[in-house]
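Shown next, in C-alpha cells, is the structure this report addresses.
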There are 4 protein chains.
Amino acid sequence: MANLSAVLYAPEDLRVEDRAVPEPAAGEVQVAVQAIGICGSDVHYYEHGRIGPFVVQHPMVIGHESAGSITAVGSGVDPGRVGQAVALEPGVPCGHCPQCRAGRYNLCPDVKFFATPPVDGSIAQYVTIPADFAHPVPAGVDFRQAAMAEPVSVAVWAVRKAGLAGGESVLVTGAGPVGLLVGQVARAFGAGAVTITDLNDYRLSVAGRLGLDARRADSPVPGSFTALIECSGSTAALRAAMPLVQRAGRVVLVGMGADEVAFDVPLIQNRELWVTGTFRYANTYPTALQLIASGEVQVDPLLTHEFPLARTEDALRAGRVEPTALKSVVRPWA
Amino acid sequence: MANLSAVLYAPEDLRVEDRAVPEPAAGEVQVAVQAIGICGSDVHYYEHGRIGPFVVQHPMVIGHESAGSITAVGSGVDPGRVGQAVALEPGVPCGHCPQCRAGRYNLCPDVKFFATPPVDGSIAQYVTIPADFAHPVPAGVDFRQAAMAEPVSVAVWAVRKAGLAGGESVLVTGAGPVGLLVGQVARAFGAGAVTITDLNDYRLSVAGRLGLDARRADSPVPGSFTALIECSGSTAALRAAMPLVQRAGRVVLVGMGADEVAFDVPLIQNRELWVTGTFRYANTYPTALQLIASGEVQVDPLLTHEFPLARTEDALRAGRVEPTALKSVVRPWA
Amino acid sequence: MANLSAVLYAPEDLRVEDRAVPEPAAGEVQVAVQAIGICGSDVHYYEHGRIGPFVVQHPMVIGHESAGSITAVGSGVDPGRVGQAVALEPGVPCGHCPQCRAGRYNLCPDVKFFATPPVDGSIAQYVTIPADFAHPVPAGVDFRQAAMAEPVSVAVWAVRKAGLAGGESVLVTGAGPVGLLVGQVARAFGAGAVTITDLNDYRLSVAGRLGLDARRADSPVPGSFTALIECSGSTAALRAAMPLVQRAGRVVLVGMGADEVAFDVPLIQNRELWVTGTFRYANTYPTALQLIASGEVQVDPLLTHEFPLARTEDALRAGRVEPTALKSVVRPWA
Amino acid sequence: MANLSAVLYAPEDLRVEDRAVPEPAAGEVQVAVQAIGICGSDVHYYEHGRIGPFVVQHPMVIGHESAGSITAVGSGVDPGRVGQAVALEPGVPCGHCPQCRAGRYNLCPDVKFFATPPVDGSIAQYVTIPADFAHPVPAGVDFRQAAMAEPVSVAVWAVRKAGLAGGESVLVTGAGPVGLLVGQVARAFGAGAVTITDLNDYRLSVAGRLGLDARRADSPVPGSFTALIECSGSTAALRAAMPLVQRAGRVVLVGMGADEVAFDVPLIQNRELWVTGTFRYANTYPTALQLIASGEVQVDPLLTHEFPLARTEDALRAGRVEPTALKSVVRPWA
C-alpha cells in the first residue's frame with residue numbers, strides 16, 4: 001500500500017514521495033483523498049517557504065481543501081462509515097481552551113491545521129482526521145465539489161460576520177475564488193443585491209454568469225451598501241470601497257494583503273461602521289456542503305484546472321501562467 | 001371627485017359609501033388606491049366588530065394591505081412623486097416615544113394603524129399617508145403584488161426574529177397566506193431547508209409548488225429544526241412542534257389563536273429555547289418589495305380571488321365559502 | 001489514605017462510606033474537597049431518588065457545588081498547581097459535539113455532571129476532574145465562598161441571558177439562594193434597579209440587607225421592568241410577573257416548578273417579549289469567582305448552616321427544619 | 001426679560017449678547033439653563049471656527065452639555081412640568097429617516113444638534129427644546145451634575161458598543177473627562193477590571209481616586225483585555241493598545257485625533273477583532289442620569305472649574321491654562 005504525497009522541502013522544492021499510510025487512532029477516520037483544491041496559501045508556501053510567522057522548517061505535505069472516502073476507522077468510530085464520502089475540515093482545535101469553550105474554535109491557539117507548519121496537509125493519497133471533522137458529503141456532490149467546502153466555508157464565515165438581516169445590499173471587492181463564493185453565499189443568505197468588483201475582466205465575466213452585479217474596480221461603483229466584504233487583499237480596493245458603506249454598515253476583511261492599512265477613522269466614527277476580519281471559520285462545513293448540494297453556490301465555474309498528484313507543482317503554478325485559472329484541483333489517484 | 005369606501009358599521013354591516021376625498025397635509029401624499037388585500041383581521045372585524053380590546057364603535061373604513069399611485073402631495077413632499085406607484089405601510093408611529101427611539105416603532109403605543117379602531121383603513125379610492133410610509137414599487141411589480149408587501153412584511157419580520165445564521169432548518173406550522181410567505185422568506189434569507197405543515201391538502205399543494213417541504217400536521221414530521229415559526233394559531237400545532245426544536249432553537253409565535261397556551265417549561269429550560277412573538281413589523285417594506293420584485297417570494301399563487309370595491313363583502317366572505325381561497329383582493333376602481 | 005464520601009443508595013438512604021481515593025488521569029487534577037454547598041437538586045435526589053428522567057439506579061455520591069485544593073496532577077498538567085485552591089466546575093462536556101463546538105457546552109448531550117446519575121458527585125474528601133475545570137480561587141476567597149461559584153454561575157448565566165444593556169430595570173421573582181445571587185449579579189452587570197419578590201419575610205430581609213428592593217410577592221409590585229428573571233419555580237409568581245414586563249422585555253426562567261405553565265400568548269406577541277430558560281451555565285466560573293472576590297456578590301449572608309461530612313443528611317434536611325436556612329455547606333475534613 | 005447668550009462670531013471672537021427669549025413651540029419646553037459644561041468641541045469651535053466640514057458662518061451660540069429648569073411649555077406638553085429640573089439632550093433627530101426608524105437616531109443625517117452650525121447651542125439663559133429631550137433629573141442631583149449627563153451619555157454609548165457580557169477586562173486609553181467617565185461606566189456595567197492609561201499624572205491620580213487601575217501610557221501595560229475603548233485621540237495610544245486586545249475583542253474609537261490611522265490588518269484578522277467608532281449617543285439620557293444619581297458614576301471630581309456666563313471665554317481657555325482643569329462649567333445666572 002502506497003501513500004503518494006506532495007511534500008514541500010523549501011521554496012520551489014516540492015517532491016512527490018511515497019510516505020507511510022497513516023493508521024487511524026481512536027476517534028479518527030482514515031480517508032483516501034480524492035480531490036484537493038489549491039489555495040493561495042499553498043502557492044505562498046511553495047514560493048516563499050513561509051507565511052508570516054509560519055515557516056516550513058521541515059518537509060511538510062501541503063494542501064488543505066480536500067475530500068475523499070473513508071477507508072478505515074479508529075476505535076470508537078462507527079465502522080458503518082467506511083466507504084462514506086466526506087469533506088475534510090482541515091483545522092482540529094484543542095476543544096478546551098477559552099476560545100474553544102466560547103464556540104470560537106477557529107481562534108484556538110493550539111489548533112492543528114493541515115499544511116500550517118509543522119502539521120502535514122492533505123495532498124496525499126491517505127490522511128487521518130478526527131471522525132467529526134470528516135463531514136458526510138450530500139448526494140449529488142462529487143469529490144471535486146466537496147473539496148470546495150473549504151473555501152465555501154471561508155465565504156460562509158465571512159458572510160455570517162457581516163450579520164445580514166435579509167434584504168441588505170452587499171459589496172464584495174475581489175472576484176477571485178473567495179470573492180466569487182462570498183458573493184454567492186451573501187445572495188443565498190438573503191442579500192437583496194450583491195455587487196462585486198475586480199480589475200480582471202475574465203473574473204468579472206464569471207461573476208456575471210453567476211448572477212452577481214459585476215463592476216470594474218477602477219470605475220466608480222454606483223450605490224451604497226450595508227455591508228462590504230473585502231476579498232482582494234488590495235489596499236486600494238478597500239480604501240475606495242469604505243466610503244460606499246452606509247451608516248452602521250459592516251466591513252469584513254477577508255483578503256490578505258498589506259500588513260498596515262490606513263483607515264479613515266472619522267469615517268468609522270461618524271458612520272459608526274463595524275470593521276472586523278476573518279480567520280478561517282467555525283461551524284460552517286455542513287452549511288457549506290448544503291449550499292453546494294442545493295446549487296445555491298456554484299463551484300464548478302471556479303474549478304478551471306485539474307492535475308494528477310504527480311503534477312502538483314503545475315497546479316501550484318497554474319495561477320501564474322494561466323490567465324483564466326481560478327482554482328486548480330489535484331487528484332491523488334489520477 | 002368621488003371616494004368610494006368600504007365602511008364597517010357593525011358586525012356584518014358593511015356599507016359602500018362615497019366619502020370626501022382626503023387632502024394631503026404637510027408631509028403627506030394622496031394615493032389613489034388600486035388594490036387592497038383582505039386580511040384575517042378584516043374578516044374578524046366584519047364578523048365580530050372587534051378584535052380583543054379594539055372595538056369598532058364608530059363607522060370605520062376597513063383594509064390595510066394596499067398599493068396605489070400618488071395623485072397629490074402635501075407641502076414639503078417632492079411633487080415629482082405624483083404618479084409614482086407605491087405600497088402603503090399602514091402603521092404610522094409617533095416617532096418620539098421610547099419604543100420609536102429604540103427602533104421598535106411597531107411597538108409604539110400611539111401608532112395609528114389603518115383599520116384599527118378608530119383609524120380608518122384603506123379599502124377606498126383615495127387615502128392620505130405620510131410620504132415616507134408610501135414606499136416606491138419596483139419595476140415589474142403590479143399593484144396587486146405590491147399590496148402583498150404588507151403580509152410579506154409580516155413574514156420578513158417573523159423570519160428576522162428567528163435570527164437565521166444561514167443554513168438553518170426551519171419549521172413553519174400553518175400554510176395559510178402568512179405561513180406560505182414565511183416559508184418563502186425563510187428560504188430567501190438563507191434557511192437550508194424549510195418544512196411547512198397544515199391539515200389542508202390544498203394549501204399543502206400550494207406550498208409544494210412553491211418548493212417547500214409540505215407535510216401533513218397530523219403525521220409525524222421527520223427531522224429536527226433550529227427554528228420554528230408558528231403561523232397557524234393552533235395550540236395543537238404549536239405543542240406538537242415544540243419538541244422538534246433543537247437545543248438553543250428559536251420559536252416565533254405569529255399565528256393568533258388561544259389566549260392561553262400551556263408550555264412545557266422544562267423543555268424551554270433544558271434546551272434553552274428562545275420563544276417570542278411578533279406584532280406587525282418595522283423596517284420591512286423595502287425588503288418585502290424587493291423580495292417580490294426578484295421573485296424570491298412569489299405572491300401570485302396566493303392571490304386566488306378578486307372583487308370590485310362594491311363587492312367587498314364577498315371578498316370578506318370568500319375565505320369561508322371558497323375552499324381554495326387564500327387571499328382576496330379588492331380593486332377600488334374596477 | 002481514606003476518602004469519606006456521601007453516597008445515596010435510595011430515597012432517604014444516604015450512607016457515609018470510605019471509598020478509594022481516585023487517581024488523576026492524564027489532564028486531570030486530584031482535589032481534596034474542602035467545602036460543598038447543598039443544592040435543591042441534592043435534596044430532591046435525597047428525597048425522591050430521581051429528578052425527572054435522571055434516576056439514581058446505583059449508589060451515587062451526591063453534591064456538585066465544591067471547592068478544595070489540588071493534591072496531585074495527572075500527566076500533562078503543570079505540577080506547580082499542587083496546593084492551589086480551586087473551585088470545581090461540575091459539568092465536563094464532550095468538547096466535540098455541535099453544541100460544544102458552538103460554545104454552548106452546557107447543552108452538550110454527553111456532559112458528565114457531578115451527581116447527575118450515574119456520575120458521582122463531590123461530597124467526598126477527594127475527587128478528580130479535568131485540570132481546566134478546576135478554576136483558581138482568587139486571593140481572599142475562602143473555600144466556602146469558592147464553592148458558591150457554582151450557584152453564582154447559575155446567576156451569571158441567567159443574567160447574561162437577560163441581555164442587559166446597562167441601566168435596565170430587573171425583576172427577580174424568588175429570594176432563595178439563586179434569586180439572591182441573580183439580583184446581586186444583575187446589579188453588578190449594570191441593572192439600574194433590581195426588585196426581588198418572595199413570600200418569606202426572612203428571605204426578603206436578607207434581600208434588603210443586600211441592597212435589593214425587596215417586595216412581598218402577594219402585594220402589587222409597582223413599576224415595570226425590562227427583564228424578569230424567574231427564580232422561584234412558582235407558576236403563580238411567574239404569571240403575576242409577566243404583565244409587569246415592558247415591550248421587548250426578556251423573561252428568563254431559572255426556577256424549576258410545574259412541568260406545564262399556561263402563558264398569555266397575546267401578551268408575548270403584543271409586547272414582543274423574549275422568553276427563555278436556563279440549563280446550568282457555560283464560561284461563567286472565572287467571572288463568578290471574580291464577583292465573589294470583589295464583594296460585588298456577597299455569598300456570606302447565604303451560608304447559614306454548616307455540617308461535617310458525617311452529618312450530610314442533616315445538611316440535606318436543614319432547608320426543611322430551619323426557617324432561616326438558605327444554604328448549607330458540608331465540610332469533608334471537619 | 002433678558003437672555004444673555006455666549007455667541008461665537010469667529011475664531012477667538014466670542015461675544016456675550018442679550019438675545020430674545022425663545023418661546024416654546026408646540027411640543028416644546030422653555031428652559032432656564034442653570035449649568036453648561038464646556039466640551040472639547042466648544043473649545044475647537046472657539047479656536048478654529050470650524051470642526052471638519054462644520055463651519056461657523058454666522059454668529060452661533062455655543063455649548064451643548066446643559067441642564068436647567070422648565071419655565072414654560074408649548075401646546076401639547078403637560079403644564080405640570082413647569083419648574084421641573086431637566087437635563088437637555090442636545091441632538092434632536094428628524095424621527096422618520098431610515099436611521100431614526102432603525103433606532104440609530106444619533107446617525108440621523110438631519111439631526112439638529114446644539115452648537116453644531118448653524119444650530120444655536122445652550123450657553124444662554126433660556127433655550128427651547130422638544131419636551132421629550134428634556135429629561136427629568138433624579139432627586140439629589142444638582143444642575144452641574146445633571147449637565148454631565150451629556151458626557152456620561154457619550155460614555156454609556158461607548159460602553160454599550162463594547163458589548164460587555166459581564167466580567168470582562170477593559171482597557172481605556174486616555175484619562176480626560178470622557179475616559180474617566182467611560183472607565184466608571186464600564187465598571188458599573190459589569191466589567192471585572194478596568195485599566196486606564198494617560199501621560200498626565202494628575203489625570204491618573206483622579207482615575208486612581210475613582211477606583212480605576214491607572215497606568216502611565218508610556219510604560220508597558222500588563223495583562224490583556226477583552227475590550228479597548230480609545231478616548232485619547234492619540235494614534236500612538238491606539239497603536240500601542242491594539243495588541244493588548246484578546247481574540248474576539250472589541251475596539252471602540254471614541255477619541256478624535258488624526259484623520260488617518262494605520263491599522264495592523266493581520267492583527268484584526270488573526271484575532272477577529274471588532275473595531276468601531278462612536279458618534280454621539282442614542283437612548284442614553286435616563287441611564288446616564290441614573291448612574292449619576294446612584295453614585296456609580298462620580299462626576300464631581302471632573303468639575304474642576306466654574307465661571308459665570310459673562311466669563312465664558314475664560315471657561316473655554318481653562319483647559320489651556322490650568323494644569324488641573326478637567327471640565328469647566330458655565331453658570332448663566334451667576
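Here's how to read the names in the C-alpha cells: chain A, B, ... by the order shown, residue numbers from 1 in each chain, ligand numbers from 1 in the order shown.
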
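The list of residues with at least one atom within 9 Å of Phe279 (chain A), based on only C-alpha atoms and without residues fewer than 2 positions apart in the same chain, reads Asn106, Leu107, Val154, Trp157, Val254, Gly277 and Tyr281 of chain A; Gln269, Asn270, Arg271 and Glu272 of chain D.
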
Using only C-alpha atoms, which residues of chain B come within 12 Å of chain D, and what is the closest atom pair for each, with the distance in Å to one decimal? Give it as JSON lines, sorted by chain and residue number.
{"residue": "B:Gly27", "atom": "CA", "partner": "D:His96", "partner_atom": "CA", "distance": 11.0}
{"residue": "B:Val92", "atom": "CA", "partner": "D:His96", "partner_atom": "CA", "distance": 10.0}
{"residue": "B:Pro93", "atom": "CA", "partner": "D:His96", "partner_atom": "CA", "distance": 9.4}
{"residue": "B:Cys94", "atom": "CA", "partner": "D:Gly95", "partner_atom": "CA", "distance": 8.7}
{"residue": "B:Gly95", "atom": "CA", "partner": "D:Gly95", "partner_atom": "CA", "distance": 5.2}
{"residue": "B:His96", "atom": "CA", "partner": "D:Gly95", "partner_atom": "CA", "distance": 6.8}
{"residue": "B:Cys97", "atom": "CA", "partner": "D:Asp132", "partner_atom": "CA", "distance": 8.0}
{"residue": "B:Pro98", "atom": "CA", "partner": "D:Asn283", "partner_atom": "CA", "distance": 7.9}
{"residue": "B:Gln99", "atom": "CA", "partner": "D:Gly103", "partner_atom": "CA", "distance": 8.6}
{"residue": "B:Cys100", "atom": "CA", "partner": "D:Gly103", "partner_atom": "CA", "distance": 7.0}
{"residue": "B:Arg101", "atom": "CA", "partner": "D:Gly103", "partner_atom": "CA", "distance": 5.3}
{"residue": "B:Ala102", "atom": "CA", "partner": "D:Gly103", "partner_atom": "CA", "distance": 4.2}
{"residue": "B:Gly103", "atom": "CA", "partner": "D:Gly103", "partner_atom": "CA", "distance": 3.4}
{"residue": "B:Arg104", "atom": "CA", "partner": "D:Gly103", "partner_atom": "CA", "distance": 7.1}
{"residue": "B:Tyr105", "atom": "CA", "partner": "D:Arg101", "partner_atom": "CA", "distance": 7.0}
{"residue": "B:Asn106", "atom": "CA", "partner": "D:Arg101", "partner_atom": "CA", "distance": 10.0}
{"residue": "B:Cys108", "atom": "CA", "partner": "D:Arg101", "partner_atom": "CA", "distance": 11.6}
{"residue": "B:Pro130", "atom": "CA", "partner": "D:His96", "partner_atom": "CA", "distance": 9.9}
{"residue": "B:Ala131", "atom": "CA", "partner": "D:His96", "partner_atom": "CA", "distance": 10.1}
{"residue": "B:Asp132", "atom": "CA", "partner": "D:His96", "partner_atom": "CA", "distance": 7.4}
{"residue": "B:Phe133", "atom": "CA", "partner": "D:His96", "partner_atom": "CA", "distance": 9.4}
{"residue": "B:Tyr281", "atom": "CA", "partner": "D:Arg101", "partner_atom": "CA", "distance": 11.6}
{"residue": "B:Ala282", "atom": "CA", "partner": "D:Arg101", "partner_atom": "CA", "distance": 7.9}
{"residue": "B:Asn283", "atom": "CA", "partner": "D:Ala102", "partner_atom": "CA", "distance": 6.9}
{"residue": "B:Thr284", "atom": "CA", "partner": "D:Ala102", "partner_atom": "CA", "distance": 10.5}
{"residue": "B:Tyr285", "atom": "CA", "partner": "D:Pro98", "partner_atom": "CA", "distance": 11.4}
{"residue": "B:Pro286", "atom": "CA", "partner": "D:Pro98", "partner_atom": "CA", "distance": 10.7}

For the residues in that selection, give me N, CA and C atoms as a PDB file, in the first residue's frame.
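The resulting result-v7.pdb:
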ATOM      1  N   GLY B  27     -46.288  67.009   4.462  1.00  0.00           N
ATOM      2  CA  GLY B  27     -45.529  65.769   4.630  1.00  0.00           C
ATOM      3  C   GLY B  27     -46.267  64.533   4.162  1.00  0.00           C
ATOM      4  N   VAL B  92     -48.524  54.152  11.257  1.00  0.00           N
ATOM      5  CA  VAL B  92     -47.697  55.360  11.375  1.00  0.00           C
ATOM      6  C   VAL B  92     -47.448  55.616  12.861  1.00  0.00           C
ATOM      7  N   PRO B  93     -46.205  55.426  13.302  1.00  0.00           N
ATOM      8  CA  PRO B  93     -45.898  55.573  14.730  1.00  0.00           C
ATOM      9  C   PRO B  93     -45.672  57.030  15.102  1.00  0.00           C
ATOM     10  N   CYS B  94     -45.567  57.284  16.412  1.00  0.00           N
ATOM     11  CA  CYS B  94     -45.432  58.663  16.877  1.00  0.00           C
ATOM     12  C   CYS B  94     -44.051  59.243  16.586  1.00  0.00           C
ATOM     13  N   GLY B  95     -43.043  58.401  16.578  1.00  0.00           N
ATOM     14  CA  GLY B  95     -41.693  58.860  16.227  1.00  0.00           C
ATOM     15  C   GLY B  95     -40.856  59.356  17.377  1.00  0.00           C
ATOM     16  N   HIS B  96     -41.448  59.473  18.583  1.00  0.00           N
ATOM     17  CA  HIS B  96     -40.603  60.001  19.658  1.00  0.00           C
ATOM     18  C   HIS B  96     -40.769  59.323  21.010  1.00  0.00           C
ATOM     19  N   CYS B  97     -41.530  58.265  21.077  1.00  0.00           N
ATOM     20  CA  CYS B  97     -41.616  57.545  22.349  1.00  0.00           C
ATOM     21  C   CYS B  97     -40.390  56.624  22.487  1.00  0.00           C
ATOM     22  N   PRO B  98     -40.192  56.062  23.684  1.00  0.00           N
ATOM     23  CA  PRO B  98     -39.021  55.188  23.843  1.00  0.00           C
ATOM     24  C   PRO B  98     -38.977  54.029  22.840  1.00  0.00           C
ATOM     25  N   GLN B  99     -40.119  53.451  22.504  1.00  0.00           N
ATOM     26  CA  GLN B  99     -40.099  52.351  21.535  1.00  0.00           C
ATOM     27  C   GLN B  99     -39.673  52.860  20.160  1.00  0.00           C
ATOM     28  N   CYS B 100     -40.221  53.974  19.734  1.00  0.00           N
ATOM     29  CA  CYS B 100     -39.824  54.535  18.436  1.00  0.00           C
ATOM     30  C   CYS B 100     -38.336  54.863  18.442  1.00  0.00           C
ATOM     31  N   ARG B 101     -37.888  55.510  19.515  1.00  0.00           N
ATOM     32  CA  ARG B 101     -36.475  55.897  19.616  1.00  0.00           C
ATOM     33  C   ARG B 101     -35.538  54.694  19.550  1.00  0.00           C
ATOM     34  N   ALA B 102     -36.040  53.556  20.041  1.00  0.00           N
ATOM     35  CA  ALA B 102     -35.195  52.365  20.059  1.00  0.00           C
ATOM     36  C   ALA B 102     -35.277  51.570  18.757  1.00  0.00           C
ATOM     37  N   GLY B 103     -36.042  52.085  17.790  1.00  0.00           N
ATOM     38  CA  GLY B 103     -36.134  51.380  16.518  1.00  0.00           C
ATOM     39  C   GLY B 103     -37.230  50.337  16.468  1.00  0.00           C
ATOM     40  N   ARG B 104     -37.995  50.233  17.543  1.00  0.00           N
ATOM     41  CA  ARG B 104     -39.085  49.253  17.589  1.00  0.00           C
ATOM     42  C   ARG B 104     -40.402  49.981  17.368  1.00  0.00           C
ATOM     43  N   TYR B 105     -40.529  50.630  16.230  1.00  0.00           N
ATOM     44  CA  TYR B 105     -41.689  51.511  16.070  1.00  0.00           C
ATOM     45  C   TYR B 105     -42.981  50.726  15.931  1.00  0.00           C
ATOM     46  N   ASN B 106     -42.880  49.433  15.645  1.00  0.00           N
ATOM     47  CA  ASN B 106     -44.091  48.605  15.641  1.00  0.00           C
ATOM     48  C   ASN B 106     -44.694  48.486  17.031  1.00  0.00           C
ATOM     49  N   CYS B 108     -44.822  51.033  19.157  1.00  0.00           N
ATOM     50  CA  CYS B 108     -45.246  52.369  19.589  1.00  0.00           C
ATOM     51  C   CYS B 108     -46.675  52.314  20.119  1.00  0.00           C
ATOM     52  N   PRO B 130     -48.417  59.699   5.444  1.00  0.00           N
ATOM     53  CA  PRO B 130     -47.115  60.375   5.398  1.00  0.00           C
ATOM     54  C   PRO B 130     -46.266  59.833   4.254  1.00  0.00           C
ATOM     55  N   ALA B 131     -45.555  60.741   3.611  1.00  0.00           N
ATOM     56  CA  ALA B 131     -44.847  60.385   2.383  1.00  0.00           C
ATOM     57  C   ALA B 131     -43.895  59.216   2.577  1.00  0.00           C
ATOM     58  N   ASP B 132     -43.255  59.156   3.732  1.00  0.00           N
ATOM     59  CA  ASP B 132     -42.268  58.087   3.912  1.00  0.00           C
ATOM     60  C   ASP B 132     -42.898  56.745   4.260  1.00  0.00           C
ATOM     61  N   PHE B 133     -44.205  56.678   4.365  1.00  0.00           N
ATOM     62  CA  PHE B 133     -44.872  55.384   4.505  1.00  0.00           C
ATOM     63  C   PHE B 133     -45.481  54.925   3.180  1.00  0.00           C
ATOM     64  N   TYR B 281     -44.559  44.745  12.322  1.00  0.00           N
ATOM     65  CA  TYR B 281     -43.223  44.707  11.699  1.00  0.00           C
ATOM     66  C   TYR B 281     -42.663  46.114  11.727  1.00  0.00           C
ATOM     67  N   ALA B 282     -41.393  46.214  11.543  1.00  0.00           N
ATOM     68  CA  ALA B 282     -40.711  47.508  11.454  1.00  0.00           C
ATOM     69  C   ALA B 282     -39.571  47.399  10.450  1.00  0.00           C
ATOM     70  N   ASN B 283     -39.425  48.427   9.630  1.00  0.00           N
ATOM     71  CA  ASN B 283     -38.300  48.498   8.684  1.00  0.00           C
ATOM     72  C   ASN B 283     -38.267  47.312   7.719  1.00  0.00           C
ATOM     73  N   THR B 284     -39.422  46.940   7.222  1.00  0.00           N
ATOM     74  CA  THR B 284     -39.501  45.768   6.353  1.00  0.00           C
ATOM     75  C   THR B 284     -39.937  46.066   4.921  1.00  0.00           C
ATOM     76  N   TYR B 285     -40.618  47.197   4.685  1.00  0.00           N
ATOM     77  CA  TYR B 285     -41.268  47.375   3.381  1.00  0.00           C
ATOM     78  C   TYR B 285     -40.307  47.334   2.192  1.00  0.00           C
ATOM     79  N   PRO B 286     -39.201  48.077   2.216  1.00  0.00           N
ATOM     80  CA  PRO B 286     -38.315  47.994   1.039  1.00  0.00           C
ATOM     81  C   PRO B 286     -37.847  46.569   0.765  1.00  0.00           C
TER      82      PRO B 286
END

Please identify the alpha helix (DSSP H) residues within region 131-274 of chain B (assignment by DSSP from backbone atoms) and present them as a PyMOL selection string.
chain B and resi 143-147+149-162+177-188+201-209+235-241+265-270

Would you please give, as a PyMOL selection string, all residues of region 66-276 of chain A that DSSP assigns to strand (DSSP E) based on the backbone?
chain A and resi 66-73+85-88+91-92+112-113+126-130+134-136+169-173+193-198+213-216+225-230+245-253+260-264+274-276

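What separates CA of Ala288 (chain D) from CA of Val156 (chain D) is a distance of 6.9 Å.
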
Using only C-alpha atoms, which protein or nucleic acid residues come within 10 Å of region 291-299 of chain B? Drop anything in the same chain fewer than 2 positions from it, and give the result as JSON, numbers by chain.
{"A": [166, 167, 190, 192, 193], "B": [137, 138, 139, 140, 141, 142, 144, 145, 146, 147, 148, 149, 151, 152, 156, 177, 180, 181, 182, 183, 184, 185, 186, 187, 188, 189, 210, 285, 286, 287, 288, 289, 301, 302, 303, 304, 327]}

Can you tell me which residues surround region 45-57 of chain C at a distance of at most 8 Å, considering only C-alpha atoms, apart from same-chain residues fewer than 6 positions away, and format the answer as a list in words?
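Returned residues: Leu8, Tyr9, Ala10, Pro11, Glu12, Asp13, Leu14, Thr116, Pro117, Pro118 and Leu316 of chain C.
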
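Atom pair CA of Ala310 (chain C) / CA of His58 (chain C) has a distance of 20.7 Å (rounded to one decimal).
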
Distance in Å - CA of Glu89 (chain C) versus CA of Ile62 (chain C):
14.7 Å

12 Å contact set for Pro323 (chain C), only C-alpha atoms, chain neighbours under 3 positions out, as an mmCIF file with N, CA, C and O atoms, in the first residue's frame:
data_model
loop_
_atom_site.group_PDB
_atom_site.id
_atom_site.type_symbol
_atom_site.label_atom_id
_atom_site.label_comp_id
_atom_site.auth_asym_id
_atom_site.auth_seq_id
_atom_site.Cartn_x
_atom_site.Cartn_y
_atom_site.Cartn_z
ATOM 1 N N ASN C 200 -41.543 34.882 51.758
ATOM 2 C CA ASN C 200 -40.846 34.581 53.007
ATOM 3 C C ASN C 200 -40.161 35.844 53.521
ATOM 4 O O ASN C 200 -39.217 36.360 52.886
ATOM 5 N N ASP C 201 -40.653 36.348 54.645
ATOM 6 C CA ASP C 201 -40.131 37.624 55.151
ATOM 7 C C ASP C 201 -38.658 37.543 55.534
ATOM 8 O O ASP C 201 -37.933 38.526 55.409
ATOM 9 N N TYR C 202 -38.243 36.369 56.009
ATOM 10 C CA TYR C 202 -36.825 36.264 56.356
ATOM 11 C C TYR C 202 -35.962 36.464 55.106
ATOM 12 O O TYR C 202 -34.995 37.230 55.102
ATOM 13 N N ARG C 203 -36.349 35.803 54.030
ATOM 14 C CA ARG C 203 -35.573 35.936 52.797
ATOM 15 C C ARG C 203 -35.621 37.376 52.271
ATOM 16 O O ARG C 203 -34.619 37.902 51.769
ATOM 17 N N THR C 304 -25.825 29.901 55.689
ATOM 18 C CA THR C 304 -26.422 29.948 57.018
ATOM 19 C C THR C 304 -26.084 28.737 57.869
ATOM 20 O O THR C 304 -26.154 28.819 59.092
ATOM 21 N N HIS C 305 -25.741 27.621 57.272
ATOM 22 C CA HIS C 305 -25.541 26.402 58.056
ATOM 23 C C HIS C 305 -24.334 25.628 57.551
ATOM 24 O O HIS C 305 -24.011 25.676 56.373
ATOM 25 N N ARG C 317 -31.395 18.015 55.213
ATOM 26 C CA ARG C 317 -32.699 18.288 55.849
ATOM 27 C C ARG C 317 -32.823 19.705 56.391
ATOM 28 O O ARG C 317 -33.913 20.110 56.804
ATOM 29 N N ALA C 318 -31.728 20.439 56.394
ATOM 30 C CA ALA C 318 -31.742 21.741 57.068
ATOM 31 C C ALA C 318 -32.802 22.674 56.471
ATOM 32 O O ALA C 318 -33.482 23.419 57.180
ATOM 33 N N GLY C 319 -32.946 22.616 55.155
ATOM 34 C CA GLY C 319 -33.903 23.507 54.493
ATOM 35 C C GLY C 319 -35.326 23.267 54.949
ATOM 36 O O GLY C 319 -36.167 24.165 54.921
ATOM 37 N N ARG C 320 -35.600 22.008 55.365
ATOM 38 C CA ARG C 320 -36.960 21.677 55.807
ATOM 39 C C ARG C 320 -37.200 22.107 57.247
ATOM 40 O O ARG C 320 -38.323 22.458 57.600
ATOM 41 N N LEU C 326 -30.718 29.073 54.328
ATOM 42 C CA LEU C 326 -30.634 29.417 52.913
ATOM 43 C C LEU C 326 -29.740 28.397 52.202
ATOM 44 O O LEU C 326 -30.155 27.757 51.254
ATOM 45 N N LYS C 327 -28.542 28.254 52.699
ATOM 46 C CA LYS C 327 -27.602 27.347 52.043
ATOM 47 C C LYS C 327 -26.783 26.650 53.111
ATOM 48 O O LYS C 327 -26.210 27.314 53.989
#

Would you mind listing what lies within 8 Å of Gly249 (chain D) as an MDAnalysis selection string, with only C-alpha atoms counted and same-chain residues fewer than 6 positions away left out?
chainID D and resid 225:228 271:274

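Residue neighbourhood of Gln30 (chain A), excluding near-sequence residues (fewer than 2 positions): Pro22, Glu23, Pro24, Ala25, Glu28, Ala32, Ser69, Ile70, Thr71, Ala72, Val73, Gly74, Val82, Tyr126, Val127, Thr128, Ile129, Pro130 and Ala131 of chain A, at 9 Å, using only C-alpha atoms.
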